[in-house]
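Asker: Data file protein.csv (CSV, C-alpha atoms and all ligand atoms) is appended below.
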```csv
chain,number,residue,atom,x,y,z
A,1389,MET,CA,101.9,112.0,147.9
A,1390,ALA,CA,103.4,108.6,147.1
A,1391,THR,CA,103.1,107.5,143.5
A,1392,LEU,CA,100.2,105.2,142.8
A,1393,GLY,CA,102.0,103.1,140.1
A,1394,ASN,CA,103.3,101.2,143.1
A,1395,PRO,CA,100.7,98.5,143.9
A,1396,GLN,CA,101.0,98.9,147.7
A,1397,ASN,CA,100.0,102.6,147.5
A,1398,THR,CA,97.1,101.7,145.2
A,1399,ILE,CA,95.8,99.1,147.7
A,1400,GLU,CA,96.2,101.5,150.6
A,1401,ILE,CA,94.1,104.2,148.8
A,1402,LEU,CA,91.4,101.6,147.8
A,1403,LYS,CA,91.2,100.4,151.5
A,1404,LYS,CA,91.2,103.9,152.9
A,1405,TYR,CA,88.1,104.9,150.9
A,1406,ASP,CA,86.5,101.4,150.9
A,1407,PHE,CA,86.4,101.6,147.1
A,1408,MET,CA,84.5,99.0,145.3
A,1409,PHE,CA,85.4,98.3,141.6
A,1410,GLN,CA,82.6,98.8,139.2
A,1411,LYS,CA,82.7,96.3,136.4
A,1412,ARG,CA,80.2,98.3,134.3
A,1413,PHE,CA,82.6,101.2,134.1
A,1414,GLY,CA,85.5,99.0,132.9
A,1415,GLN,CA,87.7,99.8,135.9
A,1416,ASN,CA,91.1,98.2,135.7
A,1417,PHE,CA,93.7,100.4,137.3
A,1418,LEU,CA,97.3,100.5,136.2
A,1419,ILE,CA,99.9,99.3,138.8
A,1420,ASP,CA,103.1,99.4,136.8
A,1421,THR,CA,105.4,102.4,136.7
A,1422,HIS,CA,107.2,101.3,133.5
A,1423,VAL,CA,103.9,101.2,131.6
A,1424,LEU,CA,102.9,104.6,133.0
A,1425,LYS,CA,106.2,106.2,131.9
A,1426,LYS,CA,106.0,104.5,128.5
A,1427,ILE,CA,102.5,106.1,127.9
A,1428,ILE,CA,103.7,109.6,128.9
A,1429,LYS,CA,106.8,109.2,126.6
A,1430,SER,CA,104.7,107.9,123.7
A,1431,ALA,CA,102.2,110.8,124.0
A,1432,GLU,CA,105.2,113.2,123.7
A,1433,ILE,CA,103.8,115.4,126.5
A,1434,THR,CA,105.5,118.7,127.1
A,1435,LYS,CA,104.9,121.7,129.4
A,1436,GLU,CA,103.1,123.4,126.6
A,1437,ASP,CA,100.3,120.9,126.4
A,1438,LEU,CA,96.8,120.8,127.6
A,1439,VAL,CA,96.0,117.1,128.1
A,1440,LEU,CA,92.5,115.5,128.3
A,1441,GLU,CA,92.5,112.3,130.4
A,1442,ILE,CA,89.5,110.1,130.0
A,1443,GLY,CA,88.8,108.1,133.1
A,1444,PRO,CA,91.5,109.0,135.7
A,1445,GLY,CA,90.4,106.3,138.1
A,1446,ILE,CA,92.2,107.0,141.4
A,1447,GLY,CA,94.6,109.4,139.5
A,1448,THR,CA,97.5,107.0,138.9
A,1449,MET,CA,98.3,108.3,135.4
A,1450,THR,CA,97.0,111.8,136.2
A,1451,GLN,CA,99.8,112.4,138.6
A,1452,TYR,CA,102.3,111.7,135.8
A,1453,LEU,CA,100.4,114.0,133.5
A,1454,CYS,CA,100.3,116.8,136.0
A,1455,GLU,CA,104.1,116.6,136.4
A,1456,ASN,CA,104.7,116.7,132.7
A,1457,ALA,CA,101.9,118.8,131.1
A,1458,ARG,CA,100.9,122.5,131.4
A,1459,GLU,CA,97.4,121.6,132.3
A,1460,VAL,CA,95.3,118.5,132.7
A,1461,ILE,CA,91.5,118.0,132.4
A,1462,ALA,CA,90.4,114.6,133.8
A,1463,VAL,CA,86.9,113.4,133.0
A,1464,GLU,CA,85.6,110.6,135.3
A,1465,ILE,CA,82.1,109.1,135.3
A,1466,ASP,CA,82.3,107.4,138.7
A,1467,LYS,CA,81.3,109.8,141.4
A,1468,ASN,CA,82.8,107.6,144.1
A,1469,LEU,CA,86.3,108.4,142.7
A,1470,ILE,CA,85.9,112.2,142.8
A,1471,PRO,CA,86.7,112.7,146.6
A,1472,ILE,CA,89.7,110.4,146.3
A,1473,LEU,CA,91.0,112.6,143.4
A,1474,THR,CA,90.2,116.0,144.8
A,1475,ASN,CA,91.0,115.4,148.5
A,1476,ASP,CA,93.9,113.0,148.2
A,1477,THR,CA,95.8,111.7,145.2
A,1478,LEU,CA,95.6,115.0,143.1
A,1479,ALA,CA,95.2,117.4,146.0
A,1480,GLU,CA,98.7,118.8,145.6
A,1481,TYR,CA,98.4,119.7,141.9
A,1482,ASP,CA,97.1,123.1,140.9
A,1483,ASN,CA,97.1,122.4,137.1
A,1484,VAL,CA,94.3,119.8,137.1
A,1485,THR,CA,90.6,120.1,136.7
A,1486,ILE,CA,88.4,117.1,137.5
A,1487,ILE,CA,85.1,116.8,135.8
A,1488,ASN,CA,82.5,114.3,137.0
A,1489,GLU,CA,80.8,113.5,133.7
A,1490,ASP,CA,80.3,110.8,131.0
A,1491,ILE,CA,83.0,111.6,128.4
A,1492,LEU,CA,80.5,110.7,125.6
A,1493,LYS,CA,78.1,113.5,126.8
A,1494,LEU,CA,80.7,116.3,127.1
A,1495,ASP,CA,81.0,119.1,124.5
A,1496,LEU,CA,84.7,118.7,123.9
A,1497,ASN,CA,84.9,121.4,121.2
A,1498,ALA,CA,83.5,124.0,123.7
A,1499,LEU,CA,85.9,122.8,126.4
A,1500,VAL,CA,89.0,123.1,124.1
A,1501,GLN,CA,87.8,126.5,122.9
A,1502,GLU,CA,87.4,127.7,126.5
A,1503,ARG,CA,90.6,126.2,128.0
A,1504,ASN,CA,93.0,126.2,125.1
A,1505,GLY,CA,91.8,128.9,122.8
A,1506,GLY,CA,90.8,126.3,120.2
A,1507,LYS,CA,94.4,125.1,119.9
A,1508,ARG,CA,95.1,121.4,119.5
A,1509,ILE,CA,95.2,119.3,122.6
A,1510,LYS,CA,96.5,115.8,123.4
A,1511,VAL,CA,94.3,112.9,124.8
A,1512,VAL,CA,95.7,110.3,127.0
A,1513,ALA,CA,93.7,107.4,128.6
A,1514,ASN,CA,93.7,103.9,129.9
A,1515,LEU,CA,90.3,103.5,128.3
A,1516,PRO,CA,87.3,101.7,129.6
A,1517,TYR,CA,87.2,98.9,127.0
A,1518,TYR,CA,83.4,98.7,126.8
A,1519,ILE,CA,83.3,102.1,125.0
A,1520,THR,CA,86.7,102.2,123.1
A,1521,THR,CA,85.2,102.6,119.6
A,1522,PRO,CA,82.5,105.2,120.5
A,1523,ILE,CA,85.1,107.3,122.4
A,1524,ILE,CA,87.8,107.2,119.6
A,1525,MET,CA,85.3,107.7,116.7
A,1526,GLY,CA,83.5,110.4,118.7
A,1527,LEU,CA,86.8,112.3,119.1
A,1528,PHE,CA,87.5,112.0,115.4
A,1529,GLU,CA,84.1,112.7,114.0
A,1530,SER,CA,83.3,115.7,116.2
A,1531,HIS,CA,86.6,117.3,114.8
A,1532,VAL,CA,87.9,118.2,118.3
A,1533,PRO,CA,91.3,119.9,117.6
A,1534,LEU,CA,93.7,117.2,118.5
A,1535,GLN,CA,97.5,116.5,118.1
A,1536,ASN,CA,97.4,112.9,119.2
A,1537,ILE,CA,95.5,110.3,121.2
A,1538,THR,CA,97.6,107.9,123.2
A,1539,VAL,CA,95.4,105.1,124.7
A,1540,MET,CA,95.5,101.7,126.3
A,1541,VAL,CA,93.1,99.5,124.5
A,1542,GLN,CA,92.4,95.8,124.1
A,1543,LYS,CA,95.4,94.3,122.2
A,1544,GLU,CA,93.0,92.9,119.5
A,1545,VAL,CA,91.6,96.4,119.0
A,1546,ALA,CA,95.0,98.0,118.6
A,1547,ASP,CA,95.9,95.3,116.0
A,1548,ARG,CA,92.7,96.1,114.1
A,1549,MET,CA,93.4,99.9,114.2
A,1550,GLN,CA,96.9,99.3,112.7
A,1551,ALA,CA,96.1,96.6,110.1
A,1552,GLY,CA,96.4,97.0,106.4
A,1553,PRO,CA,94.8,95.3,103.4
A,1554,GLY,CA,95.3,91.5,103.3
A,1555,SER,CA,95.5,91.1,107.0
A,1556,LYS,CA,92.8,89.2,108.9
A,1557,ASP,CA,92.5,92.2,111.3
A,1558,TYR,CA,91.9,94.7,108.5
A,1559,GLY,CA,88.3,96.1,108.5
A,1560,ALA,CA,86.1,99.2,108.9
A,1561,LEU,CA,87.9,100.2,112.1
A,1562,SER,CA,91.3,100.2,110.5
A,1563,LEU,CA,90.1,102.4,107.6
A,1564,ALA,CA,88.2,104.8,109.9
A,1565,VAL,CA,91.2,105.2,112.2
A,1566,GLN,CA,93.7,105.6,109.3
A,1567,TYR,CA,91.5,108.1,107.5
A,1568,TYR,CA,92.0,110.5,110.5
A,1569,ALA,CA,95.3,109.4,112.0
A,1570,THR,CA,98.6,107.4,111.8
A,1571,PRO,CA,98.5,104.6,114.3
A,1572,TYR,CA,101.6,103.3,116.1
A,1573,ILE,CA,101.6,100.5,118.7
A,1574,ALA,CA,104.0,101.7,121.4
A,1575,ALA,CA,103.8,98.7,123.8
A,1576,ASN,CA,102.0,95.5,124.5
A,1577,VAL,CA,100.9,95.3,128.1
A,1578,PRO,CA,100.2,92.1,130.0
A,1579,GLN,CA,97.3,91.5,132.3
A,1580,ASN,CA,99.3,91.6,135.5
A,1581,CYS,CA,100.0,95.4,135.1
A,1582,PHE,CA,96.4,96.1,136.2
A,1583,MET,CA,94.2,95.8,139.3
A,1584,PRO,CA,91.9,93.9,138.9
A,1585,ARG,CA,93.5,91.9,136.1
A,1586,PRO,CA,91.4,92.2,132.8
A,1587,ASN,CA,90.5,89.0,130.9
A,1588,VAL,CA,92.3,90.2,127.7
A,1589,GLY,CA,95.7,91.5,126.7
A,1590,SER,CA,96.2,95.2,126.2
A,1591,ALA,CA,98.3,97.5,124.1
A,1592,VAL,CA,99.2,101.2,124.1
A,1593,ILE,CA,98.5,102.8,120.8
A,1594,ARG,CA,99.3,106.4,119.7
A,1595,LEU,CA,97.1,107.9,116.9
A,1596,THR,CA,98.7,111.0,115.4
A,1597,LEU,CA,96.1,113.1,113.7
A,1598,HIS,CA,96.7,113.9,110.0
A,1599,GLU,CA,97.2,117.6,109.2
A,1600,GLU,CA,95.4,117.0,105.9
A,1601,PRO,CA,93.2,114.0,105.1
A,1602,PRO,CA,95.2,111.4,103.2
A,1603,VAL,CA,92.5,111.0,100.6
A,1604,GLN,CA,90.0,113.5,99.0
A,1605,VAL,CA,86.4,112.3,99.3
A,1606,LYS,CA,83.3,114.0,98.0
A,1607,ASP,CA,81.1,112.6,100.8
A,1608,GLU,CA,82.8,111.1,103.9
A,1609,LYS,CA,79.5,109.6,105.2
A,1610,PHE,CA,78.9,107.8,102.0
A,1611,MET,CA,82.5,106.4,101.9
A,1612,PHE,CA,82.2,105.0,105.5
A,1613,ALA,CA,78.8,103.5,104.6
A,1614,LEU,CA,80.4,101.8,101.6
A,1615,ILE,CA,83.3,100.6,103.8
A,1616,ARG,CA,80.9,99.2,106.5
A,1617,ALA,CA,78.9,97.4,103.8
A,1618,SER,CA,82.1,95.9,102.2
A,1619,PHE,CA,83.1,94.3,105.5
A,1620,ASN,CA,79.6,93.3,106.7
A,1621,GLN,CA,79.8,90.2,104.6
A,1622,ARG,CA,83.5,89.5,104.6
A,1623,ARG,CA,83.2,86.2,102.6
A,1624,LYS,CA,81.3,87.8,99.8
A,1625,THR,CA,82.7,89.7,96.8
A,1626,LEU,CA,82.7,93.5,97.1
A,1627,VAL,CA,80.0,93.6,94.4
A,1628,ASN,CA,77.6,91.4,96.4
A,1629,GLY,CA,78.4,93.1,99.7
A,1630,LEU,CA,77.6,96.6,98.3
A,1631,THR,CA,74.5,95.6,96.3
A,1632,ASN,CA,73.1,93.7,99.3
A,1633,ALA,CA,73.3,96.9,101.5
A,1634,ALA,CA,69.8,98.4,101.1
A,1635,GLU,CA,70.8,101.8,102.4
A,1636,LEU,CA,73.4,102.3,99.6
A,1637,ASN,CA,70.9,101.6,96.9
A,1638,LEU,CA,73.5,100.5,94.3
A,1639,SER,CA,73.0,98.2,91.3
A,1640,LYS,CA,75.3,95.4,90.3
A,1641,GLU,CA,76.0,97.2,87.0
A,1642,GLN,CA,77.0,100.4,88.7
A,1643,VAL,CA,79.4,98.7,91.1
A,1644,GLN,CA,80.9,96.5,88.3
A,1645,ALA,CA,81.4,99.5,86.0
A,1646,ALA,CA,83.2,101.5,88.8
A,1647,LEU,CA,85.5,98.6,89.6
A,1648,GLU,CA,86.3,98.2,85.9
A,1649,GLN,CA,87.1,101.9,85.6
A,1650,MET,CA,89.5,101.4,88.6
A,1651,GLY,CA,91.1,98.4,86.9
A,1652,LEU,CA,89.9,96.1,89.6
A,1653,SER,CA,88.5,92.6,89.2
A,1654,ALA,CA,84.7,92.1,89.4
A,1655,THR,CA,85.3,89.3,92.0
A,1656,ILE,CA,87.6,91.3,94.3
A,1657,ARG,CA,86.7,91.4,98.1
A,1658,GLY,CA,86.5,94.5,100.2
A,1659,GLU,CA,89.5,93.3,102.4
A,1660,ALA,CA,91.8,93.8,99.4
A,1661,LEU,CA,91.1,97.5,98.9
A,1662,THR,CA,93.3,100.3,100.3
A,1663,LEU,CA,91.9,103.5,101.8
A,1664,GLU,CA,92.8,105.3,98.5
A,1665,GLN,CA,90.8,102.7,96.5
A,1666,PHE,CA,87.8,103.0,98.8
A,1667,ALA,CA,87.9,106.8,98.4
A,1668,GLU,CA,88.1,106.5,94.6
A,1669,LEU,CA,85.2,104.0,94.6
A,1670,ALA,CA,83.1,106.2,96.8
A,1671,ASN,CA,83.8,109.2,94.5
A,1672,LEU,CA,82.7,107.2,91.5
A,1673,LEU,CA,79.5,105.9,93.1
A,1674,VAL,CA,78.2,108.8,95.1
B,1701,LIG,N1,93.3,105.9,134.4
B,1701,LIG,C1,93.1,104.9,135.5
B,1701,LIG,C2,94.3,104.0,135.5
B,1701,LIG,O1,94.9,103.9,134.5
B,1701,LIG,O2,94.5,103.4,136.6
B,1701,LIG,C3,91.8,104.1,135.3
B,1701,LIG,C4,91.6,103.4,134.0
B,1701,LIG,S1,90.1,102.4,134.0
B,1701,LIG,C5,90.6,101.3,132.7
B,1701,LIG,C6,88.9,103.3,133.1
B,1701,LIG,C7,88.3,104.5,133.9
B,1701,LIG,O3,87.4,105.2,133.1
B,1701,LIG,C8,87.6,104.2,135.2
B,1701,LIG,O4,88.0,105.1,136.2
B,1701,LIG,C9,86.1,104.4,134.9
B,1701,LIG,O5,85.4,104.7,136.0
B,1701,LIG,C10,86.2,105.5,133.8
B,1701,LIG,N2,85.0,105.6,132.9
B,1701,LIG,C11,84.3,104.6,132.4
B,1701,LIG,N3,83.4,105.0,131.6
B,1701,LIG,C12,83.5,106.4,131.5
B,1701,LIG,C13,82.8,107.4,130.8
B,1701,LIG,N4,81.8,107.1,130.0
B,1701,LIG,N5,83.3,108.7,130.9
B,1701,LIG,C14,84.3,109.0,131.8
B,1701,LIG,N6,85.0,108.0,132.5
B,1701,LIG,C15,84.6,106.7,132.3
```
Can the structure in the file be given as structure tokens, please?
Ligand code: SAM
Answerer:
Amino acid sequence: MATLGNPQNTIEILKKYDFMFQKRFGQNFLIDTHVLKKIIKSAEITKEDLVLEIGPGIGTMTQYLCENAREVIAVEIDKNLIPILTNDTLAEYDNVTIINEDILKLDLNALVQERNGGKRIKVVANLPYYITTPIIMGLFESHVPLQNITVMVQKEVADRMQAGPGSKDYGALSLAVQYYATPYIAANVPQNCFMPRPNVGSAVIRLTLHEEPPVQVKDEKFMFALIRASFNQRRKTLVNGLTNAAELNLSKEQVQAALEQMGLSATIRGEALTLEQFAELANLLV
């Protein structure tokens, strides 16, 4: 089987099956072998690994994964792609399982238990951009045993995941990602590496899961509610942001007292606080 990273081979397969791209599934297939190799290298795939691929498309990256990993599970929502994968592009590999499902509906804990004895797996994907955040947060919050997640995302989203306090990109997504993992942007990827070309720039980001959470929090849910409220009204002070959030039910006096105890100014904004400070604040207010 010719590698699909070559655009000519991709076009041939698409023609052979009369495949129509579905915009609603965020279908932008990779057609650049350098980028594909970079993703595999960044994910640090070895022959020991079980890899979950989200959205294999016509199997371009899946071929590389099958060559480099012990076993691959590829979950694809578009039923029109399944015959291409099973009868053609992945037909020669016996270490791949293709599942025709919506990744957001799959019980991944059960899958990892059954296929990897509950041991940690790696996730690799050129993600459908319309559901980047639900997929990543779903993986984290359901506590699927993971070593790392290496994904192609919108460039702007990669920047937000990696940002720290003081940056314009810093926000609830940065803190949520960094609570669970260490982000590393491995490559910026231009639009012409995809077919069809997306309207936005892309980046490959690797999220290496923490062995232990970097901060101790009494109530994770409360800390994340606090973080969301702090960034909901970016221009407001933290005190106003938190007291305006009805679901938190906090008084001005409570928030001011907690900030004072932490040695922070009463006029500080949420964007200035580190994850450690949000954790401390949450532990004082819960
Ligand atoms: N991996 C291929 C590549 O790099 O060429 C395709 C990547 S394309 C950006 C995203 C893929 O995810 C498409 O094949 C799309 O059909 C699939 N997809 C979209 N939503 C999905 C979902 N909810 N569950 C599983 N797959 C999904």
Asker: So which residues are near ligand LIG 1701 (chain B), meaning at most 8 Å away with all atoms listed in the file counted, given back as a PyMOL selection string?
Answerer: chain A and resi 1410+1412-1419+1441-1450+1463-1466+1469+1488-1492+1513-1519+1582
Asker: Could you check which of A:Asp1420, A:Asp1482, A:Glu1608, A:Glu1432 is closest to A:Gly1393, using only C-alpha atoms?
Answerer: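 So, comparing all the options, the nearest one is A:Asp1420.
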Asker: I'd like the neighbourhood of stretch 1531-1533 of chain A as JSON, numbers by chain, where a residue qualifies if any of its atoms comes within 9 Å (using all atoms listed in the file), though same-chain residues fewer than 2 positions away should be ignored.
Answerer: {"A": [1496, 1497, 1500, 1506, 1507, 1508, 1509, 1510, 1526, 1527, 1528, 1529, 1535]}
Asker: Kindly indicate which residue among A:Lys1556, A:His1598, A:Arg1548, A:Arg1616 lies nearest to A:Leu1534, using all atoms listed in the file for the distances.
Answerer: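 The answer is A:His1598, which sits nearest to A:Leu1534.
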Asker: As an exercise, work out the distance from atom CA of A:Met1549 to atom CA of A:Asp1607 in Å and give it to one decimal place.
Answerer: 22.2 Å
Asker: Name all residues at most 9 Å from A:Ile1472 (count all atoms listed in the file; drop same-chain ones fewer than 5 positions away) and give them as an MDAnalysis selection string.
Answerer: chainID A and resid 1401 1405 1446:1447 1477:1479
